[in-house]
Amino acid sequence: MSFALQADGLSKTFGSGPGAVKALDDFSLEIPRGGVFGVLGPNGAGKSTLFRLALGLIRPSGGQTRLLEAPAGDPGALRRVGSMIESPRFHPYLTARQTLRMLATLSGMTNPDIDGWLRRVGLSEAADRRTKGFSVGMKQRLGLAAALITRPEAVILDEPTSGMDPSGILEIRALIRELADRDGVTVILASHQLDEVQRVCDRVAFLARGKVTASGPVDAMTGAQERLRLTATPQAVVLEVLGDRGVAEGEAVLAEVSRAEAPDLIRALASRGVDIVEARWVGADLERAYLFHTGSGHAA
Amino acid sequence: MLLDALKAESFRLRQDRAAVFWGFIFPGLFIFGLAMLVTVVGMMFKTPGPPKAMSIALEAAQGLYWANAFLIQLFVLIGVSAMFAADYRWETWRLQTPRNSRANLILAKLITFGVAAAFVLLMLLVASVLGALLRAVLIHQPHAPFGEGVTGLQFLRAVAAGWLELMVVGAASALIAVLTRSNMAAILIPVLATGAQAFGLGIAQIHPGIADPEVIFLAPNLAAQVLRGDGEAMGAGFANAWWALASLLTWATALSAATIFLFSRQELSRE
């Protein structure tokens, strides 16, 4: 298996003495090539630090990072990776077109498809406007085009839809999926929008306090929290049968039972005279998995 | 790789019109304006007798001498800070550093500044010559034969001194920009250093050892004067011009190398 990004025993401390901040602590993660990989965690979990280390913007305090199987900061590997770290910033006196031209030249590209990328990110009409007057959403779009202009094998996107309107979010979500499915680009994505991550990512890793707390395919991460949703009367009897494995959700009850246990539960409820109107499996959404794995709250 | 960085940097700088105008074009316009002012004042307070003949070559060389002027260097530093410190201000390093090596990125800026410094010298020369030609027309000044008043070697020394002095000032500003990440510091600290040298030089001119090789080597401002030939008037012989050349080359190279070294190892957690 080949990897887009590998971190092995990585640690990074900012500052020294009592005020030092440990952003990453013995952090290990392997992100395979292909598909869309989501990196999730609360603010300060270490997502941006991981990306900055991988891109050679900062040096680790310990451990190592590899990008496309080359050491972090390797110019050859970096040329094959696009990136957009935090809110993208540009030279205010350059237009969108000039910005892309300058960045493509810097990467050694002789004939970049500037108009094509401006069109794909929805900036064709603003191509010759200076970035000084761009809104946050427009800067995000240009940041994406800047990351993709060199036709990279992998792209690192930190909050790519931050500050965008709903239609813009949908467009960028579709573009990210298209990059992975049609162009074969590995997309590594950090986002706080869990709904977006669930829709667009194939695999995710949860980060908390500078460590990986869980990692795997999105289905497995949410499926681990799968529950049986019962709409039945009387609800009190259902809750009594389930004990601490059941919780009321409106008129329904969420039951923490496995698929093997489900038939016995249905029979037990029927024998107690419970009328079951509906029974269906619900995968917990990524939000619950996020809260569970990052310790940001309690999985309800 | 370096060529890519050079192309990108020169393209970027050409679009930064404010920096190009104030840093690299305005010095020439300022000298031209000054020449016109001197001409007008000269016409108002005309001295009796025929005017001295005007030598274009001498005027051209004198135009190059302006590279030593405090005010000219201040304007050039505005351009330098826009080249080296603005990427911290705009937080645009993170956009650029993954696309080329850091050494190439900063070296491309230094080379581009070298071209800009040559352009400033050319502007100063042209401004001085144009100013002199206009003055000659206005006050009916006769022309001296071409080349009178300055030898080819003196002219070359003026070119080398002017360019190298601007390179030393520019490299110092680049180093300070990388160290402090501040536009203002990249302008003010080299200006203060130049001012301090000029002040020290003014005091030391009464001292007989002013043109000693070791003093020339340590003070790039003095070295530029010696290389231009001003030093000969202060007792520095032609032999000291080599010391002056070595001093300016060493300072420009050392400051540039330090800038490249520091930037290559710099943490860009926040520009």
# chains A, B, ... in the order shown; residues from 1 in each chain; ligands from 1

call {"tool": "interface_residues", "arguments": {"of": "chain A", "to": "chain B", "cutoff": "9 Å", "atoms": "only C-alpha atoms", "output": "PyMOL selection string"}}
result
chain A and resi 49+52+55-59+73-76+78-79+81-85+88-94+98-99+101-109+143+146-147

call {"tool": "residues_around", "arguments": {"residues": "stretch 263-272 of chain A", "least_positions_apart": "4", "cutoff": "8 Å", "atoms": "only C-alpha atoms", "output": "JSON, numbers by chain"}}
result
{"A": [237, 238, 241, 259, 276]}

call {"tool": "atom_distance", "arguments": {"atom1": "atom CA of A:Leu10", "atom2": "atom CA of A:Arg203"}}
result
20.9 Å

call {"tool": "residues_around", "arguments": {"residues": "stretch 69-75 of chain B", "least_positions_apart": "4", "cutoff": "7 Å", "atoms": "only C-alpha atoms", "output": "CSV table (one decimal) with N, CA and C atoms, in the first residue's frame"}}
result
chain,number,residue,atom,x,y,z
B,22,TRP,N,8.0,53.9,-5.9
B,22,TRP,CA,8.6,54.6,-4.8
B,22,TRP,C,10.0,54.1,-4.5
B,23,GLY,N,10.2,52.8,-4.7
B,23,GLY,CA,11.6,52.3,-4.4
B,23,GLY,C,12.6,52.4,-5.5
B,27,PRO,N,13.6,57.7,-7.0
B,27,PRO,CA,15.0,58.2,-6.8
B,27,PRO,C,15.5,59.0,-8.0
B,79,GLY,N,11.4,50.0,-1.4
B,79,GLY,CA,11.3,48.9,-2.4
B,79,GLY,C,11.8,47.6,-1.9
B,191,VAL,N,18.6,52.2,7.6
B,191,VAL,CA,18.7,53.7,7.6
B,191,VAL,C,19.5,54.2,8.7

call {"tool": "closest_residue", "arguments": {"among": "A:Lys22, A:Arg229, A:Arg288, A:Arg33", "to": "A:Met1", "atoms": "only C-alpha atoms"}}
result
A:Arg33

call {"tool": "closest_residue", "arguments": {"among": "A:Val136, A:Val277, A:Val121, A:Ala214", "to": "A:Ala174", "atoms": "only C-alpha atoms"}}
result
A:Val121

call {"tool": "atom_distance", "arguments": {"atom1": "atom CA of B:Thr180", "atom2": "atom CA of B:Ala108"}}
result
20.1 Å

call {"tool": "residues_around", "arguments": {"residues": "A:Glu251", "least_positions_apart": "4", "cutoff": "9 Å", "atoms": "only C-alpha atoms", "output": "PyMOL selection string"}}
result
chain A and resi 230-233+235

call {"tool": "residues_around", "arguments": {"residues": "B:Gly114", "least_positions_apart": "6", "cutoff": "10 Å", "atoms": "only C-alpha atoms", "output": "list in words"}}
result
Ala108, Val120, Trp163, Leu164, Leu166, Met167, Gly170 and Ala171 of chain B

call {"tool": "select_by_dssp", "arguments": {"residues": "stretch 161-259 of chain B", "states": "helix (DSSP H, G or I)", "output": "MDAnalysis selection string"}}
result
chainID B and resid 161:180 183:204 213:218 220:228 230:233 239:259
